[in-house]
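S.K.: Structure file upload_15.csv (CSV, C-alpha atoms) is given on the next line.
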```
chain,number,residue,atom,x,y,z
A,288,THR,CA,-28.0,-21.4,0.3
A,289,LEU,CA,-24.5,-20.1,-0.3
A,290,TYR,CA,-23.7,-16.7,1.3
A,291,GLU,CA,-20.6,-14.7,0.3
A,292,THR,CA,-19.1,-12.5,3.0
A,293,PRO,CA,-16.2,-10.1,2.4
A,294,GLY,CA,-12.9,-11.3,4.0
A,295,VAL,CA,-10.6,-9.2,6.1
A,296,ARG,CA,-7.3,-9.6,4.2
A,297,VAL,CA,-6.0,-6.7,2.1
A,298,ILE,CA,-3.3,-7.5,-0.5
A,299,PHE,CA,-1.2,-4.4,-1.1
A,300,PHE,CA,2.1,-3.1,-2.4
A,301,GLY,CA,3.9,-1.4,0.5
A,302,MET,CA,6.1,1.6,-0.2
A,303,MET,CA,9.4,2.6,1.4
A,304,THR,CA,8.4,6.1,2.5
A,305,ALA,CA,11.7,7.0,4.2
A,306,ARG,CA,13.9,6.9,1.1
A,307,ALA,CA,14.0,8.6,-2.3
A,308,PRO,CA,12.1,8.6,-4.6
A,309,LEU,CA,9.2,7.4,-2.5
A,310,ASP,CA,9.8,9.8,0.3
A,311,ASP,CA,7.9,12.3,-1.9
A,312,VAL,CA,4.2,11.8,-1.2
A,313,ARG,CA,3.3,13.0,-4.8
A,314,VAL,CA,5.3,10.1,-6.3
A,315,ARG,CA,3.5,7.6,-4.0
A,316,GLN,CA,0.1,9.1,-4.8
A,317,ALA,CA,1.0,8.8,-8.5
A,318,LEU,CA,1.7,5.1,-8.2
A,319,VAL,CA,-1.7,4.6,-6.5
A,320,TYR,CA,-3.7,6.6,-9.0
A,321,GLY,CA,-1.8,5.2,-11.9
A,322,PHE,CA,-2.8,1.5,-11.4
A,323,ASP,CA,-6.2,0.1,-12.4
A,324,LYS,CA,-7.1,-2.1,-9.5
A,325,GLN,CA,-10.4,-3.1,-11.1
A,326,SER,CA,-8.5,-4.8,-13.9
A,327,VAL,CA,-6.7,-7.0,-11.4
A,328,VAL,CA,-10.0,-8.0,-9.7
A,329,ASP,CA,-11.6,-8.7,-13.1
A,330,ASN,CA,-8.8,-10.2,-15.1
A,331,ILE,CA,-6.2,-11.6,-12.8
A,332,VAL,CA,-8.0,-12.8,-9.7
A,333,GLU,CA,-11.1,-13.2,-11.8
A,334,GLY,CA,-13.6,-12.0,-9.3
A,335,ALA,CA,-12.1,-13.9,-6.3
A,336,GLY,CA,-11.3,-10.6,-4.7
A,337,TYR,CA,-13.0,-7.2,-4.4
A,338,LEU,CA,-11.8,-3.6,-4.7
A,339,PRO,CA,-10.2,-2.2,-1.5
A,340,THR,CA,-11.9,0.8,0.1
A,341,ALA,CA,-9.4,1.4,3.0
A,342,TYR,CA,-6.3,-0.1,4.6
A,343,ILE,CA,-8.7,-2.4,6.5
A,344,SER,CA,-11.7,-4.2,5.2
A,345,PRO,CA,-15.4,-3.2,5.6
A,346,PRO,CA,-16.2,-5.9,8.2
A,347,VAL,CA,-13.5,-4.6,10.6
A,348,PHE,CA,-14.5,-2.3,13.4
A,349,GLY,CA,-13.1,1.2,12.7
A,350,TRP,CA,-13.4,0.9,8.9
A,351,THR,CA,-14.3,4.0,6.8
A,352,ASP,CA,-14.4,4.4,3.1
A,353,THR,CA,-11.2,6.1,1.8
A,354,SER,CA,-11.4,4.7,-1.7
A,355,GLU,CA,-11.4,8.2,-3.2
A,356,TYR,CA,-7.6,8.1,-2.7
A,357,PHE,CA,-7.3,4.8,-4.5
A,358,ARG,CA,-9.3,5.6,-7.6
A,359,TYR,CA,-7.8,5.0,-11.1
A,360,ASP,CA,-6.9,8.4,-12.5
A,361,PRO,CA,-3.8,8.1,-14.8
A,362,GLU,CA,-4.0,11.7,-15.8
A,363,LEU,CA,-3.7,12.8,-12.2
A,364,ALA,CA,-0.9,10.3,-11.7
A,365,ALA,CA,1.0,11.8,-14.6
A,366,SER,CA,0.5,15.4,-13.4
A,367,LEU,CA,1.7,14.5,-9.9
A,368,LEU,CA,4.9,13.1,-11.3
A,369,ASP,CA,5.3,16.2,-13.5
A,370,GLU,CA,4.8,18.4,-10.4
A,371,ALA,CA,7.4,16.3,-8.5
A,372,GLY,CA,9.9,17.1,-11.2
A,373,TRP,CA,9.9,13.6,-12.8
A,374,VAL,CA,9.7,14.2,-16.6
A,375,ASP,CA,11.0,12.2,-19.6
A,376,SER,CA,13.7,14.6,-20.7
A,377,ASP,CA,15.5,12.3,-23.1
A,378,GLY,CA,12.5,10.6,-24.8
A,379,ASP,CA,13.4,7.1,-23.7
A,380,GLY,CA,10.0,6.5,-22.1
A,381,ILE,CA,11.3,6.6,-18.5
A,382,ARG,CA,10.9,9.7,-16.4
A,383,ASP,CA,14.1,11.2,-15.0
A,384,LYS,CA,15.1,14.0,-12.6
A,385,ASP,CA,18.6,15.4,-11.9
A,386,GLY,CA,20.1,12.7,-14.1
A,387,GLU,CA,18.4,9.8,-12.2
A,388,LYS,CA,15.8,7.5,-13.8
A,389,LEU,CA,12.6,6.9,-12.0
A,390,SER,CA,13.4,3.3,-11.4
A,391,LEU,CA,12.0,1.2,-8.5
A,392,LEU,CA,12.7,-2.2,-7.1
A,393,HIS,CA,9.6,-4.3,-6.2
A,394,TYR,CA,9.9,-7.5,-4.1
A,395,SER,CA,7.1,-10.0,-4.5
A,396,PRO,CA,6.5,-13.6,-3.4
A,397,ARG,CA,4.9,-16.1,-5.8
A,398,GLY,CA,2.1,-18.2,-4.5
A,399,ARG,CA,2.0,-16.8,-1.0
A,400,TYR,CA,-1.1,-14.8,-1.9
A,401,LEU,CA,-3.7,-15.2,-4.6
A,402,LYS,CA,-2.0,-14.1,-7.9
A,403,ASP,CA,0.6,-12.1,-6.1
A,404,ALA,CA,3.4,-12.2,-8.7
A,405,GLU,CA,0.9,-11.8,-11.5
A,406,SER,CA,-0.5,-8.6,-9.8
A,407,GLY,CA,3.1,-7.3,-9.6
A,408,GLU,CA,3.6,-8.0,-13.3
A,409,ALA,CA,0.4,-6.0,-14.1
A,410,PHE,CA,1.6,-3.1,-11.9
A,411,GLN,CA,5.0,-3.2,-13.7
A,412,ALA,CA,3.3,-2.9,-17.1
A,413,ALA,CA,1.0,-0.1,-15.9
A,414,MET,CA,3.9,1.9,-14.4
A,415,LEU,CA,5.9,1.6,-17.7
A,416,GLU,CA,3.0,3.4,-19.4
A,417,LEU,CA,3.3,6.1,-16.8
A,418,GLY,CA,7.1,6.4,-17.4
A,419,VAL,CA,8.1,4.5,-14.2
A,420,GLU,CA,10.6,1.6,-14.5
A,421,VAL,CA,9.8,-1.1,-12.0
A,422,THR,CA,12.1,-4.1,-11.6
A,423,LEU,CA,10.1,-7.0,-10.2
A,424,GLU,CA,12.1,-9.4,-8.1
A,425,ILE,CA,10.5,-12.7,-7.0
A,426,LEU,CA,11.6,-13.8,-3.6
A,427,GLU,CA,10.9,-16.9,-1.6
A,428,TRP,CA,8.5,-16.0,1.2
A,429,GLY,CA,11.0,-16.8,3.9
A,430,THR,CA,13.5,-14.4,2.4
A,431,LEU,CA,11.0,-11.7,1.9
A,432,PHE,CA,9.7,-12.2,5.5
A,433,GLU,CA,13.3,-11.7,6.8
A,434,GLN,CA,13.7,-8.5,4.8
A,435,LEU,CA,10.4,-7.2,6.2
A,436,ARG,CA,11.5,-7.7,9.8
A,437,GLN,CA,14.7,-5.6,9.3
A,438,PRO,CA,15.0,-1.8,9.2
A,439,GLY,CA,16.0,-0.3,5.9
A,440,MET,CA,14.1,-2.6,3.5
A,441,PRO,CA,16.3,-2.5,0.3
A,442,ALA,CA,13.3,-2.5,-2.1
A,443,ASP,CA,11.2,0.5,-2.9
A,444,LEU,CA,8.0,-1.6,-3.0
A,445,PHE,CA,6.9,-5.0,-1.7
A,446,THR,CA,3.8,-7.2,-1.9
A,447,LEU,CA,2.2,-8.2,1.4
A,448,GLY,CA,-1.2,-9.4,2.6
A,449,TRP,CA,-2.5,-8.4,6.0
A,450,SER,CA,-5.6,-9.8,7.8
A,451,THR,CA,-7.1,-7.9,10.7
A,452,ALA,CA,-7.6,-11.2,12.5
A,453,THR,CA,-9.3,-9.7,15.6
A,454,GLY,CA,-11.9,-7.7,13.6
A,455,ASP,CA,-10.7,-4.5,15.2
A,456,ALA,CA,-8.7,-1.7,13.6
A,457,ASP,CA,-6.4,-1.7,16.6
A,458,TYR,CA,-4.8,-5.0,15.3
A,459,THR,CA,-3.7,-3.3,12.1
A,460,LEU,CA,-3.2,0.5,12.4
A,461,GLY,CA,-0.6,0.7,15.2
A,462,PRO,CA,1.3,-2.5,14.4
A,463,LEU,CA,1.5,-1.8,10.7
A,464,PHE,CA,1.6,2.0,10.3
A,465,GLY,CA,2.6,3.4,13.7
A,466,SER,CA,6.0,5.1,13.9
A,467,PHE,CA,6.6,3.0,17.1
A,468,SER,CA,6.3,-0.1,14.9
A,469,ILE,CA,9.3,0.4,12.5
A,470,PRO,CA,11.3,-2.9,12.3
A,471,PRO,CA,12.6,-4.6,14.3
A,472,ASP,CA,9.9,-3.4,16.8
A,473,GLY,CA,6.9,-4.0,14.5
A,474,TRP,CA,5.6,-4.4,10.9
A,475,ASN,CA,6.0,-0.8,9.7
A,476,SER,CA,8.5,-1.8,6.9
A,477,PHE,CA,7.4,1.4,5.0
A,478,GLU,CA,9.1,3.3,7.8
A,479,TYR,CA,6.1,5.6,7.8
A,480,GLN,CA,6.1,8.4,10.4
A,481,ASN,CA,3.2,10.7,11.0
A,482,SER,CA,2.7,12.1,14.5
A,483,ASP,CA,-1.0,13.0,13.9
A,484,PHE,CA,-1.7,9.4,12.8
A,485,ASP,CA,0.1,8.0,15.9
A,486,GLU,CA,-1.8,10.2,18.3
A,487,LEU,CA,-5.2,9.1,16.8
A,488,VAL,CA,-4.3,5.4,16.9
A,489,VAL,CA,-2.9,5.6,20.5
A,490,ALA,CA,-6.0,7.5,21.7
A,491,ALA,CA,-8.3,5.0,20.0
A,492,GLY,CA,-6.4,2.1,21.7
A,493,VAL,CA,-7.0,3.4,25.2
A,494,SER,CA,-10.6,4.8,24.7
A,495,THR,CA,-13.5,2.6,26.1
A,496,ASP,CA,-16.1,4.6,24.1
A,497,GLN,CA,-16.7,2.6,20.9
A,498,ASP,CA,-18.2,5.6,19.0
A,499,GLU,CA,-15.2,7.7,19.9
A,500,ARG,CA,-12.8,4.9,18.8
A,501,ALA,CA,-14.6,4.5,15.5
A,502,GLY,CA,-14.2,8.2,14.8
A,503,LEU,CA,-10.5,8.2,15.7
A,504,TYR,CA,-9.8,5.2,13.5
A,505,ALA,CA,-11.7,6.9,10.6
A,506,GLN,CA,-9.5,10.0,10.9
A,507,ALA,CA,-6.3,7.8,11.1
A,508,LEU,CA,-7.3,5.8,8.0
A,509,ASP,CA,-8.0,9.0,6.1
A,510,ILE,CA,-4.5,10.4,7.0
A,511,ALA,CA,-2.7,7.2,6.0
A,512,ALA,CA,-4.6,6.9,2.7
A,513,GLN,CA,-3.8,10.6,1.8
A,514,ASP,CA,-0.2,9.8,2.6
A,515,ALA,CA,-0.3,6.9,0.2
A,516,VAL,CA,1.7,4.5,2.4
A,517,VAL,CA,0.6,1.5,0.5
A,518,LEU,CA,-1.2,0.7,-2.7
A,519,PRO,CA,-4.1,-1.5,-1.9
A,520,VAL,CA,-4.7,-4.0,-4.8
A,521,PHE,CA,-7.6,-6.1,-3.7
A,522,ASN,CA,-9.3,-7.6,-0.7
A,523,THR,CA,-10.0,-11.3,-0.1
```
Can you turn what I pasted into structure tokens?

M.R.:
Amino acid sequence: TLYETPGVRVIFFGMMTARAPLDDVRVRQALVYGFDKQSVVDNIVEGAGYLPTAYISPPVFGWTDTSEYFRYDPELAASLLDEAGWVDSDGDGIRDKDGEKLSLLHYSPRGRYLKDAESGEAFQAAMLELGVEVTLEILEWGTLFEQLRQPGMPADLFTLGWSTATGDADYTLGPLFGSFSIPPDGWNSFEYQNSDFDELVVAAGVSTDQDERAGLYAQALDIAAQDAVVLPVFNT
């Protein structure tokens, strides 16, 4: 008998939250709502992955379902960009604001993760429909890794996969999203900073009560998902 169990790796597009235009949470949320993740699962990885429900996978301790923030809603995506002041004022198909195009640079490896570059190409096409110009730059994994380990990631977006190897949210939430983990100190290449998130993660890390820890991680996951730090594409 063959049993399928969900894996603990999330493939995502990380966003540089500390620099315009992705320092505006409405723009980040728009990118998340504007991309049909189910189409990637069905047509690109052809069922070899499953839809993400949080920044960690269901088998991981501390998981909670935050998929409402990842749903495909292109109308909401467009309205968020309008609200943020990004409109196509000259009719060229690309939104602009104060004379600047809504143009983003996306770093991706090819072959590091399942259909990583192909997923980036699908995102690029979807964003164009939304009026967002994405330049997809394919980098060797070693080059991308070096960029991730330095502060001030030059790209607006980057493709990464993260496995919660210990099966506990502690392995992911602080090291990946804590403000104390901005490179070169850790893996927070998004340069995401939210003091409420940090407090929850630190408290969960020192608590010995598993029920309390689960509740704290659930709150932290909800905050990060609302802040649209990353765009989860699929789980493997």

S.K.: Nearest to Ala335 of chain A among A:Leu401, A:Ala371, A:Ala364, A:Leu415, with distances taken over only C-alpha atoms: which residue is it?

M.R.: A:Leu401

S.K.: Quick one: of A:Thr430, A:Ser366, A:Ser395, A:Ser406, who's nearest to Arg313 of chain A, counting all atoms listed in the file?

M.R.: A:Ser366

S.K.: As an exercise, work out the distance from atom CA of Glu408 of chain A to atom CA of Tyr394 of chain A in Å and give it to one decimal place.

M.R.: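 Between atom CA of Glu408 of chain A and atom CA of Tyr394 of chain A the gap is 11.2 Å.
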
S.K.: With a distance cut-off of 7 Å and only C-alpha atoms, select the neighbouring residues of segment 381-389 of chain A, excluding the residue or stretch itself and same-chain residues fewer than 2 positions from it, and output the selection as a VMD selection string.

M.R.: chain A and resid 372 to 376 379 391 418 to 420

S.K.: (13.2, -4.2, -8.6) in this file's frame - what residues fall within 7 Å of it? Use all atoms listed in the file and give the answer as an mmCIF file with C-alpha atoms, keeping the file's coordinate frame.

M.R.:
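Output (point.cif):
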```
data_model
loop_
_atom_site.group_PDB
_atom_site.id
_atom_site.type_symbol
_atom_site.label_atom_id
_atom_site.label_comp_id
_atom_site.auth_asym_id
_atom_site.auth_seq_id
_atom_site.Cartn_x
_atom_site.Cartn_y
_atom_site.Cartn_z
ATOM 1 C CA LEU A 391 12.000 1.200 -8.500
ATOM 2 C CA LEU A 392 12.700 -2.200 -7.100
ATOM 3 C CA HIS A 393 9.600 -4.300 -6.200
ATOM 4 C CA TYR A 394 9.900 -7.500 -4.100
ATOM 5 C CA VAL A 421 9.800 -1.100 -12.000
ATOM 6 C CA THR A 422 12.100 -4.100 -11.600
ATOM 7 C CA LEU A 423 10.100 -7.000 -10.200
ATOM 8 C CA GLU A 424 12.100 -9.400 -8.100
ATOM 9 C CA ALA A 442 13.300 -2.500 -2.100
#
```

S.K.: Measuring atom to atom with all atoms listed in the file, identify which of A:Val328, A:Val347, A:Val319, A:Ala404 is nearest to Glu362 of chain A.

M.R.: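 For Glu362 of chain A, the nearest of the candidates is A:Val319.
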
S.K.: When distances are computed from all atoms listed in the file, which of A:Asp483, A:Glu405, A:Asp443, A:Glu427 shows the smallest separation from Asp514 of chain A?

M.R.: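 Of the candidates, the smallest distance to Asp514 of chain A is held by A:Asp483.
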
S.K.: Identify, on the basis of all atoms listed in the file, every residue whose closest approach to Tyr458 of chain A does not exceed 12 Å; exclude the query and any residue fewer than 2 positions from it along the same chain; express the result as a list in words.

M.R.: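 Non-adjacent residues within range: Val295, Tyr342, Ile343, Val347, Phe348, Gly349, Trp449, Ser450, Thr451, Ala452, Thr453, Gly454, Asp455, Ala456, Leu460, Gly461, Pro462, Leu463, Phe464, Gly465, Gly473, Trp474, Val488, Val489, Ala491, Gly492 and Tyr504 of chain A.
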